[in-house]
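S.K.: What follows is a structure written as structure tokens; I'll ask about it next.
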Amino acid sequence: MSDTLIVLVKNPIAGKTKTRLAASVGHPKALKMYRILMEYTQQQAAGLRDTERLLLYSDRVTHNDEWPDELYTKGVQEGPGLGERMENAFARAFAEGAERAVIIGSDCPGVTTELLQTALGALRDKDLVIGPALDGGYYLLGMRKSQPTLFRDMNWSTEDVAAETLARARKLGLSIAELVPLSDVDYLEDWEHYGWKVP
């Protein structure tokens, strides 16, 4: 094994999924929209060749869902917060033999198979690859070995996350590749920005 794609997903539960989106469309529709986002992400991830796919659920492993069991090694995210969960996800990927690992969520329609291939390819020359989000976070992060410093004591869900991550990476002396900035789908206008119809 050399390349691993890590996908973090939330178990789809109405009232606990896409709550900011739900403020505009209601919880049942927000859940339906999240399932559409997951199906899209699954299709893009499935298009990768010669890549291991590690799918980590927020609460419990689900079989026979949007994510085919034959394509994805499935597990549960470990840790109380986002930083710990990402740090542990990378640690698992590298412990299982990955030489390059990229992590994404499941709510960015701009993430395509081609973009994922670009990110993994960048790690052949760079220590770190980042896909900055328009809200100041990031929609993708990749590395060639675990970098716990990038996840600890971070103020998550703020507009400074990507900038702080880059500052820490530079302080560590890591070489960096940056991808095109994209928007996650947190609000209805984000969904509409991609030209998707509301179901």
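Identifiers in the structure tokens: chain A, B, ... in order shown; residue index from 1 per chain; ligand index from 1 in order shown.
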In stretch 23-61 of chain A, what's strand (DSSP E) per DSSP? Answer as a PyMOL selection string?

M.R.: chain A and resi 52-57

S.K.: Write the residues of the selection above to a file with C-alpha atoms, as a short mmCIF file (atom, residue, chain, number, x, y, z; two decimals), in the first residue's frame.

M.R.:
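The result, stored in again30.cif:
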```
data_model
loop_
_atom_site.label_atom_id
_atom_site.label_comp_id
_atom_site.auth_asym_id
_atom_site.auth_seq_id
_atom_site.Cartn_x
_atom_site.Cartn_y
_atom_site.Cartn_z
CA GLU A 52 -6.70 2.43 -0.32
CA ARG A 53 -9.89 4.04 0.98
CA LEU A 54 -10.43 4.38 4.72
CA LEU A 55 -13.95 5.47 5.70
CA LEU A 56 -14.42 6.66 9.27
CA TYR A 57 -17.91 7.26 10.66
#
```

S.K.: Just want the 9 Å neighbourhood of A:Ser24, counted on only C-alpha atoms, with same-chain residues fewer than 6 positions away dropped. Output as a PyMOL selection string.

M.R.: chain A and resi 30+187-188

S.K.: Which stretch 69-136 of chain A residues have any atom within 8 Å of an atom of stretch 161-169 of chain A, and for each, what is the nearest pair of atoms with distance in Å to one decimal, counting only C-alpha atoms, rows sorted by chain and number, as a Markdown table?

M.R.:
```
| residue | atom | partner | partner_atom | distance |
| --- | --- | --- | --- | --- |
| A:Leu128 | CA | A:Ala169 | CA | 7.9 |
| A:Pro132 | CA | A:Ala162 | CA | 6.2 |
| A:Ala133 | CA | A:Ala162 | CA | 7.8 |
| A:Gly136 | CA | A:Ala162 | CA | 5.8 |
```

S.K.: Write to file, as a compact mmCIF listing (two decimals), in the first residue's frame, the residues of the selection just made, with N, CA and C atoms.

M.R.:
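Result file follows (selection_28.txt):
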```txt
# COMPACT_ATOMS: atom_id res chain seq x y z
N LEU A 128 3.42 18.19 2.43
CA LEU A 128 2.05 18.52 2.83
C LEU A 128 1.29 19.07 1.65
N PRO A 132 -7.47 24.78 0.69
CA PRO A 132 -8.09 25.79 1.55
C PRO A 132 -9.57 25.99 1.22
N ALA A 133 -10.37 26.13 2.24
CA ALA A 133 -11.79 26.41 2.07
C ALA A 133 -12.01 27.92 2.09
N GLY A 136 -12.03 29.88 5.39
CA GLY A 136 -10.82 29.98 6.21
C GLY A 136 -10.33 28.66 6.77
```

S.K.: Which value, in Å to one decimal, gives the distance between atom CA of A:Pro148 and atom CA of A:Pro181?

M.R.: 23.7 Å

S.K.: If you run DSSP on this backbone, which residues of stretch 3-142 of chain A come out as helix (DSSP H, G or I), and could you give them as a ChimeraX atom specification?

M.R.: /A:19-25,27-46,82-95,113-122

S.K.: Could you work out how far atom CA of A:Pro68 lies from atom CA of A:Ala98, giving the answer in Å with one decimal?

M.R.: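 Result for atom CA of A:Ala98 versus atom CA of A:Pro68: 21.1 Å, one decimal.
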
S.K.: Pick from A:Arg170, A:His27, A:Lys32, A:Arg152: nearest to A:Gly81, with only C-alpha atoms counted?

M.R.: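 Of A:Arg170, A:His27, A:Lys32, A:Arg152, the one nearest A:Gly81 is A:Arg152, counting only C-alpha atoms.
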
S.K.: Do a neighbour search on A:Thr17 at 8 Å with only C-alpha atoms, toss out local chain neighbours closer than 3 positions, and write the hits as a VMD selection string.

M.R.: chain A and resid 10 to 14 27 30 to 31 34

S.K.: Deliver the residues from the most recent selection as a file, using N, CA and C atoms, as a compact mmCIF listing (two decimals), in the first residue's frame.

M.R.:
```
# COMPACT_ATOMS: atom_id res chain seq x y z
N LYS A 10 -20.31 11.80 8.77
CA LYS A 10 -21.20 11.75 9.91
C LYS A 10 -22.29 10.72 9.64
N ASN A 11 -22.62 9.95 10.66
CA ASN A 11 -23.76 9.06 10.50
C ASN A 11 -24.99 9.92 10.26
N PRO A 12 -25.70 9.68 9.16
CA PRO A 12 -26.80 10.56 8.78
C PRO A 12 -28.02 10.42 9.68
N ILE A 13 -28.18 11.38 10.56
CA ILE A 13 -29.30 11.39 11.51
C ILE A 13 -29.95 12.76 11.45
N ALA A 14 -31.24 12.79 11.18
CA ALA A 14 -31.97 14.06 11.11
C ALA A 14 -31.88 14.79 12.45
N HIS A 27 -34.74 20.04 8.90
CA HIS A 27 -33.88 18.88 9.16
C HIS A 27 -34.09 17.72 8.18
N ALA A 30 -32.40 18.70 4.93
CA ALA A 30 -30.95 18.79 5.13
C ALA A 30 -30.32 17.40 5.16
N LEU A 31 -31.00 16.46 5.76
CA LEU A 31 -30.50 15.08 5.80
C LEU A 31 -30.48 14.50 4.39
N TYR A 34 -27.58 15.95 2.59
CA TYR A 34 -26.30 15.37 3.03
C TYR A 34 -26.09 14.00 2.39
```

S.K.: In Å, how far is it from atom CA of A:Lys197 to atom CA of A:Pro109?

M.R.: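 Going from atom CA of A:Lys197 over to atom CA of A:Pro109, I get 12.7 Å.
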
S.K.: Compile the contact shell of A:Gln117 as a PDB file with C-alpha atoms, in the first residue's frame: residues with an atom at most 10 Å away, counting only C-alpha atoms, same-chain residues fewer than 6 positions apart removed.

M.R.:
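See out_28.pdb below for the written result:
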```pdb
ATOM      1  CA  ASP A   3      -1.662   5.946  -1.215  1.00  0.00           C
ATOM      2  CA  LEU A   5      -7.675   8.367   1.017  1.00  0.00           C
ATOM      3  CA  ALA A  45     -13.454   8.540  -4.135  1.00  0.00           C
ATOM      4  CA  GLY A  47     -12.797   6.678  -9.099  1.00  0.00           C
ATOM      5  CA  LEU A  48      -9.298   6.603  -7.638  1.00  0.00           C
ATOM      6  CA  ARG A  49      -7.007   3.838  -8.813  1.00  0.00           C
ATOM      7  CA  THR A  51      -5.516   3.823  -3.629  1.00  0.00           C
ATOM      8  CA  VAL A 102      -5.110  12.547   2.187  1.00  0.00           C
TER       9      VAL A 102
END
```

S.K.: Using only C-alpha atoms, find the one residue out of A:Leu115, A:Leu182, A:Asp69, A:Met33 that sits nearest to A:Thr19.

M.R.: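 Closest residue, counting only C-alpha atoms: A:Met33.
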
S.K.: Smallest atom-to-atom distance to A:Arg60: which of A:Leu116, A:Val9, A:Ala89, A:Leu141, using only C-alpha atoms?

M.R.: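 Checking each candidate against A:Arg60, we get A:Val9 as the closest.
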
S.K.: So, with only C-alpha atoms as the atoms that count, which of A:Ile104, A:Ala95, A:Ile36, A:Val198 lies closest to A:Val7?

M.R.: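 Counting only C-alpha atoms, the residue closest to A:Val7 is A:Ile104.
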
S.K.: Could you name the residues that touch A:Leu37 at 9 Å or less, counting only C-alpha atoms, but leaving out those on the same chain fewer than 6 positions away, as a list in words?

M.R.: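 Skipping anything fewer than 6 positions along the chain leaves Ser106, Asp107, Cys108, Pro109 and Val185 of chain A.
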